[in-house]
>>> print(open('protein23.csv').read())   # CSV, N, CA and C atoms
chain,number,residue,atom,x,y,z
A,1,MET,N,42.9,10.0,12.2
A,1,MET,CA,42.5,8.6,12.5
A,1,MET,C,41.5,8.2,11.4
A,2,THR,N,41.8,7.0,10.8
A,2,THR,CA,40.9,6.4,9.8
A,2,THR,C,40.5,5.1,10.3
A,3,LEU,N,39.2,4.9,10.5
A,3,LEU,CA,38.6,3.7,11.0
A,3,LEU,C,38.4,2.7,9.8
A,4,PRO,N,38.5,1.4,10.0
A,4,PRO,CA,38.4,0.5,8.8
A,4,PRO,C,37.0,0.3,8.3
A,5,ILE,N,36.0,0.7,9.0
A,5,ILE,CA,34.6,0.6,8.6
A,5,ILE,C,33.9,1.9,8.9
A,6,ASN,N,32.8,2.1,8.2
A,6,ASN,CA,32.0,3.3,8.4
A,6,ASN,C,30.8,3.1,9.3
A,7,ASP,N,30.2,1.9,9.2
A,7,ASP,CA,29.0,1.5,10.0
A,7,ASP,C,29.2,0.1,10.6
A,8,CYS,N,28.5,-0.1,11.7
A,8,CYS,CA,28.5,-1.4,12.4
A,8,CYS,C,27.9,-2.4,11.4
A,9,PRO,N,28.5,-3.6,11.2
A,9,PRO,CA,27.9,-4.6,10.4
A,9,PRO,C,26.7,-5.3,11.0
A,10,HIS,N,26.6,-5.1,12.3
A,10,HIS,CA,25.5,-5.8,13.1
A,10,HIS,C,24.2,-4.9,13.1
A,11,CYS,N,24.4,-3.6,13.4
A,11,CYS,CA,23.2,-2.7,13.5
A,11,CYS,C,23.2,-1.4,12.7
A,12,GLY,N,24.3,-1.1,12.0
A,12,GLY,CA,24.4,0.0,11.2
A,12,GLY,C,24.8,1.3,11.8
A,13,CYS,N,25.1,1.3,13.1
A,13,CYS,CA,25.5,2.5,13.8
A,13,CYS,C,26.9,3.0,13.3
A,14,PRO,N,27.1,4.4,13.1
A,14,PRO,CA,28.3,4.9,12.6
A,14,PRO,C,29.3,5.3,13.7
A,15,ILE,N,29.0,5.0,15.0
A,15,ILE,CA,29.9,5.5,16.1
A,15,ILE,C,30.5,4.3,16.8
A,16,PHE,N,31.8,4.4,17.1
A,16,PHE,CA,32.5,3.3,17.7
A,16,PHE,C,33.3,3.9,18.9
A,17,TYR,N,33.7,3.0,19.9
A,17,TYR,CA,34.5,3.4,21.0
A,17,TYR,C,35.5,2.2,21.3
A,18,ARG,N,36.6,2.6,22.0
A,18,ARG,CA,37.6,1.7,22.4
A,18,ARG,C,37.6,1.8,24.0
A,19,LYS,N,37.6,0.7,24.7
A,19,LYS,CA,37.6,0.7,26.1
A,19,LYS,C,39.1,0.8,26.6
A,20,ASP,N,39.5,1.9,27.2
A,20,ASP,CA,40.8,2.1,27.7
A,20,ASP,C,40.7,2.2,29.2
A,21,TYR,N,41.8,1.8,29.9
A,21,TYR,CA,41.8,1.7,31.3
A,21,TYR,C,42.9,2.6,31.8
A,22,MET,N,42.6,3.4,32.9
A,22,MET,CA,43.6,4.3,33.4
A,22,MET,C,43.8,4.1,34.9
A,23,THR,N,45.0,4.2,35.4
A,23,THR,CA,45.3,4.0,36.8
A,23,THR,C,46.3,5.1,37.2
A,24,GLY,N,46.2,5.5,38.5
A,24,GLY,CA,47.2,6.5,39.0
A,24,GLY,C,46.5,7.7,39.6
A,25,PRO,N,47.3,8.6,40.2
A,25,PRO,CA,46.8,9.8,40.8
A,25,PRO,C,46.5,10.9,39.8
A,26,SER,N,45.5,11.7,40.2
A,26,SER,CA,45.1,12.8,39.4
A,26,SER,C,44.9,14.0,40.3
A,27,HIS,N,45.2,15.2,39.8
A,27,HIS,CA,45.0,16.4,40.7
A,27,HIS,C,44.1,17.4,39.9
A,28,TYR,N,43.1,17.8,40.6
A,28,TYR,CA,42.2,18.8,40.0
A,28,TYR,C,42.3,20.1,40.9
A,29,TYR,N,42.6,21.2,40.3
A,29,TYR,CA,42.8,22.4,41.0
A,29,TYR,C,41.6,23.3,40.8
A,30,ALA,N,41.3,24.1,41.9
A,30,ALA,CA,40.2,25.1,41.9
A,30,ALA,C,40.5,26.3,42.7
A,31,SER,N,39.9,27.4,42.4
A,31,SER,CA,40.1,28.6,43.1
A,31,SER,C,38.8,29.5,43.0
A,32,ASN,N,38.5,30.2,44.0
A,32,ASN,CA,37.3,31.1,44.0
A,32,ASN,C,37.7,32.5,43.3
A,33,THR,N,39.0,32.7,43.2
A,33,THR,CA,39.4,34.1,42.8
A,33,THR,C,40.1,34.1,41.4
A,34,ILE,N,40.6,33.0,40.9
A,34,ILE,CA,41.3,33.0,39.6
A,34,ILE,C,40.9,31.8,38.8
A,35,ASP,N,41.0,31.9,37.5
A,35,ASP,CA,40.7,30.7,36.6
A,35,ASP,C,42.0,29.8,36.6
A,36,ILE,N,41.8,28.5,36.7
A,36,ILE,CA,42.9,27.6,36.8
A,36,ILE,C,42.8,26.6,35.7
A,37,GLU,N,43.9,26.4,34.9
A,37,GLU,CA,43.9,25.4,33.9
A,37,GLU,C,44.2,24.0,34.5
A,38,ASN,N,43.3,23.1,34.1
A,38,ASN,CA,43.5,21.7,34.6
A,38,ASN,C,43.9,20.7,33.4
A,39,GLY,N,44.5,21.3,32.4
A,39,GLY,CA,44.9,20.5,31.3
A,39,GLY,C,45.9,19.3,31.6
A,40,SER,N,46.6,19.4,32.7
A,40,SER,CA,47.6,18.4,33.0
A,40,SER,C,47.1,17.4,34.0
A,41,MET,N,45.8,17.4,34.3
A,41,MET,CA,45.3,16.6,35.4
A,41,MET,C,45.4,15.1,35.1
A,42,TYR,N,45.6,14.7,33.8
A,42,TYR,CA,45.7,13.3,33.5
A,42,TYR,C,47.1,12.9,33.2
A,43,ASP,N,48.1,13.8,33.3
A,43,ASP,CA,49.5,13.5,32.8
A,43,ASP,C,50.1,12.4,33.6
A,44,SER,N,49.7,12.2,34.9
A,44,SER,CA,50.4,11.1,35.7
A,44,SER,C,49.7,9.8,35.6
A,45,LEU,N,48.6,9.7,34.9
A,45,LEU,CA,47.9,8.4,34.8
A,45,LEU,C,48.5,7.5,33.8
A,46,LYS,N,48.6,6.2,34.1
A,46,LYS,CA,49.0,5.2,33.2
A,46,LYS,C,47.8,4.6,32.4
A,47,THR,N,47.9,4.7,31.1
A,47,THR,CA,46.8,4.2,30.3
A,47,THR,C,47.1,2.9,29.6
A,48,THR,N,46.2,2.0,29.7
A,48,THR,CA,46.3,0.7,29.0
A,48,THR,C,45.2,0.8,27.9
A,49,TYR,N,45.6,0.7,26.7
A,49,TYR,CA,44.7,0.9,25.6
A,49,TYR,C,44.0,-0.5,25.2
A,50,GLY,N,42.7,-0.4,24.9
A,50,GLY,CA,42.0,-1.6,24.6
A,50,GLY,C,42.4,-2.1,23.2
A,51,LYS,N,42.2,-3.4,23.0
A,51,LYS,CA,42.6,-4.1,21.7
A,51,LYS,C,41.4,-4.1,20.7
A,52,TRP,N,40.2,-3.9,21.2
A,52,TRP,CA,39.0,-3.9,20.3
A,52,TRP,C,38.2,-2.6,20.3
A,53,TRP,N,37.6,-2.3,19.2
A,53,TRP,CA,36.7,-1.2,19.1
A,53,TRP,C,35.3,-1.8,19.1
A,54,HIS,N,34.4,-1.1,19.7
A,54,HIS,CA,33.0,-1.6,19.9
A,54,HIS,C,32.0,-0.7,19.2
A,55,CYS,N,30.9,-1.2,18.8
A,55,CYS,CA,29.8,-0.4,18.3
A,55,CYS,C,29.2,0.4,19.5
A,56,ASP,N,28.9,1.7,19.3
A,56,ASP,CA,28.3,2.5,20.4
A,56,ASP,C,26.8,2.1,20.7
A,57,ASP,N,26.2,1.5,19.7
A,57,ASP,CA,24.8,1.2,19.9
A,57,ASP,C,24.6,-0.3,20.4
A,58,CYS,N,25.1,-1.3,19.7
A,58,CYS,CA,24.9,-2.7,20.1
A,58,CYS,C,26.0,-3.2,21.0
A,59,HIS,N,27.1,-2.5,21.1
A,59,HIS,CA,28.3,-2.8,22.0
A,59,HIS,C,29.0,-4.1,21.6
A,60,LYS,N,28.8,-4.5,20.3
A,60,LYS,CA,29.6,-5.7,19.9
A,60,LYS,C,30.9,-5.3,19.4
A,61,ARG,N,31.9,-6.2,19.5
A,61,ARG,CA,33.2,-5.9,18.9
A,61,ARG,C,33.1,-5.9,17.4
A,62,VAL,N,33.7,-4.8,16.8
A,62,VAL,CA,33.6,-4.7,15.3
A,62,VAL,C,35.0,-4.7,14.6
A,63,PHE,N,36.0,-4.2,15.3
A,63,PHE,CA,37.4,-4.3,14.6
A,63,PHE,C,38.4,-4.1,15.7
A,64,LYS,N,39.6,-4.6,15.4
A,64,LYS,CA,40.8,-4.5,16.3
A,64,LYS,C,41.4,-3.1,16.2
A,65,ASP,N,42.1,-2.7,17.3
A,65,ASP,CA,42.8,-1.4,17.3
A,65,ASP,C,43.9,-1.4,16.2
A,66,GLU,N,44.5,-2.5,16.0
A,66,GLU,CA,45.6,-2.6,15.0
A,66,GLU,C,45.1,-2.3,13.6
A,67,ASP,N,43.8,-2.3,13.3
A,67,ASP,CA,43.3,-2.0,12.0
A,67,ASP,C,43.0,-0.5,11.8
A,68,VAL,N,43.2,0.3,12.9
A,68,VAL,CA,43.0,1.7,12.8
A,68,VAL,C,44.2,2.4,12.3
A,69,GLU,N,44.1,3.3,11.3
A,69,GLU,CA,45.2,4.0,10.8
A,69,GLU,C,45.3,5.4,11.3
>>> encode(input="protein23.csv", output="structure tokens")
Amino acid sequence: MTLPINDCPHCGCPIFYRKDYMTGPSHYYASNTIDIENGSMYDSLKTTYGKWWHCDDCHKRVFKDEDVE
């Protein structure tokens, strides 16, 4: 993934996030006697991806998801 900017133009922070939303059931498995892999616990969730990326520091919108390569 290549982001279109390196730093926030408002505050200079180099970290960004996109707000995604998930709905649906999830199963978490546990046992006292064996190790259990939970890698598939999110497979049944429906994800709606956000359209904007935000600065992690000032939380302002800084670029659209369509600008990410």
>>> residues_around(input="protein23.csv", residues="Cys8 in chain A", least_positions_apart="6", cutoff="8 Å", atoms="all atoms listed in the file", output="count of residues only")
7
>>> atom_distance(input="protein23.csv", atom1="atom C of Ser40 in chain A", atom2="CA of Pro25 in chain A")
10.2 Å
>>> atom_distance(input="protein23.csv", atom1="CA of Thr23 in chain A", atom2="atom N of Asp35 in chain A")
28.2 Å
>>> atom_distance(input="protein23.csv", atom1="atom C of Arg18 in chain A", atom2="atom C of Gly50 in chain A")
6.2 Å
>>> closest_residue(input="protein23.csv", among="A:Cys58, A:Phe63, A:Tyr49, A:Val68", to="Cys13 in chain A", atoms="all atoms listed in the file")
A:Cys58
>>> residues_around(input="protein23.csv", residues="Ser26 in chain A", least_positions_apart="3", cutoff="6.5 Å", atoms="all atoms listed in the file", output="PyMOL selection string")
chain A and resi 41-42+44-45
>>> select_by_dssp(input="protein23.csv", residues="range 17-50 of chain A", states="strand (DSSP E)", output="list in words")
Tyr17, Arg18, Tyr21, Met22, Thr23, Lys46, Thr47 and Thr48 of chain A
>>> closest_residue(input="protein23.csv", among="A:Glu69, A:His59, A:Lys19, A:Ile36", to="Met1 in chain A", atoms="all atoms listed in the file")
A:Glu69
>>> closest_residue(input="protein23.csv", among="A:Met22, A:Ala30, A:Leu3, A:Cys11", to="Glu66 in chain A", atoms="only C-alpha atoms")
A:Leu3
>>> decode(input="protein23.csv", residues="range 31-62 of chain A", atoms="N, CA and C atoms", output="compact mmCIF listing (two decimals), in the first residue's frame")
# COMPACT_ATOMS: atom_id res chain seq x y z
N SER A 31 -10.02 -23.01 24.99
CA SER A 31 -9.93 -24.31 25.65
C SER A 31 -8.87 -24.23 26.73
N ASN A 32 -9.08 -24.96 27.82
CA ASN A 32 -8.07 -25.04 28.88
C ASN A 32 -6.98 -26.04 28.57
N THR A 33 -7.21 -26.92 27.62
CA THR A 33 -6.27 -28.03 27.39
C THR A 33 -5.49 -27.96 26.09
N ILE A 34 -5.97 -27.23 25.11
CA ILE A 34 -5.25 -27.14 23.83
C ILE A 34 -5.24 -25.70 23.33
N ASP A 35 -4.25 -25.39 22.49
CA ASP A 35 -4.20 -24.08 21.84
C ASP A 35 -5.15 -24.10 20.64
N ILE A 36 -5.94 -23.05 20.51
CA ILE A 36 -6.91 -22.98 19.42
C ILE A 36 -6.62 -21.74 18.58
N GLU A 37 -6.62 -21.92 17.28
CA GLU A 37 -6.41 -20.83 16.34
C GLU A 37 -7.74 -20.11 16.12
N ASN A 38 -7.74 -18.79 16.26
CA ASN A 38 -8.94 -17.98 16.04
C ASN A 38 -8.81 -17.09 14.81
N GLY A 39 -7.99 -17.50 13.87
CA GLY A 39 -7.75 -16.69 12.67
C GLY A 39 -8.98 -16.47 11.81
N SER A 40 -9.98 -17.32 11.93
CA SER A 40 -11.17 -17.19 11.09
C SER A 40 -12.32 -16.49 11.81
N MET A 41 -12.07 -15.91 12.97
CA MET A 41 -13.16 -15.34 13.75
C MET A 41 -13.84 -14.15 13.09
N TYR A 42 -13.19 -13.53 12.11
CA TYR A 42 -13.77 -12.38 11.43
C TYR A 42 -14.32 -12.71 10.04
N ASP A 43 -14.21 -13.96 9.62
CA ASP A 43 -14.59 -14.34 8.27
C ASP A 43 -16.06 -14.08 7.94
N SER A 44 -16.94 -14.17 8.91
CA SER A 44 -18.37 -14.00 8.63
C SER A 44 -18.84 -12.55 8.76
N LEU A 45 -17.93 -11.64 9.07
CA LEU A 45 -18.32 -10.23 9.22
C LEU A 45 -18.39 -9.53 7.87
N LYS A 46 -19.39 -8.67 7.70
CA LYS A 46 -19.50 -7.84 6.51
C LYS A 46 -18.79 -6.52 6.81
N THR A 47 -17.86 -6.14 5.96
CA THR A 47 -17.08 -4.93 6.17
C THR A 47 -17.49 -3.85 5.17
N THR A 48 -17.75 -2.66 5.68
CA THR A 48 -17.97 -1.48 4.85
C THR A 48 -16.76 -0.58 5.06
N TYR A 49 -16.02 -0.36 3.98
CA TYR A 49 -14.79 0.40 4.08
C TYR A 49 -15.07 1.90 3.99
N GLY A 50 -14.36 2.67 4.80
CA GLY A 50 -14.52 4.11 4.81
C GLY A 50 -14.00 4.75 3.54
N LYS A 51 -14.51 5.93 3.23
CA LYS A 51 -14.10 6.65 2.02
C LYS A 51 -12.94 7.60 2.28
N TRP A 52 -12.73 7.96 3.54
CA TRP A 52 -11.69 8.94 3.89
C TRP A 52 -10.67 8.36 4.85
N TRP A 53 -9.44 8.82 4.72
CA TRP A 53 -8.38 8.53 5.67
C TRP A 53 -8.22 9.77 6.55
N HIS A 54 -7.94 9.52 7.83
CA HIS A 54 -7.83 10.60 8.81
C HIS A 54 -6.44 10.60 9.44
N CYS A 55 -6.03 11.75 9.91
CA CYS A 55 -4.78 11.88 10.66
C CYS A 55 -4.98 11.25 12.04
N ASP A 56 -4.01 10.49 12.49
CA ASP A 56 -4.11 9.83 13.79
C ASP A 56 -3.99 10.82 14.94
N ASP A 57 -3.41 11.96 14.70
CA ASP A 57 -3.19 12.93 15.77
C ASP A 57 -4.32 13.97 15.86
N CYS A 58 -4.60 14.66 14.76
CA CYS A 58 -5.62 15.72 14.79
C CYS A 58 -6.99 15.23 14.30
N HIS A 59 -7.04 14.02 13.74
CA HIS A 59 -8.28 13.35 13.29
C HIS A 59 -9.00 14.07 12.15
N LYS A 60 -8.31 14.93 11.44
CA LYS A 60 -8.91 15.59 10.28
C LYS A 60 -8.80 14.69 9.06
N ARG A 61 -9.75 14.83 8.13
CA ARG A 61 -9.68 14.11 6.87
C ARG A 61 -8.49 14.62 6.07
N VAL A 62 -7.70 13.69 5.53
CA VAL A 62 -6.52 14.13 4.80
C VAL A 62 -6.46 13.62 3.36
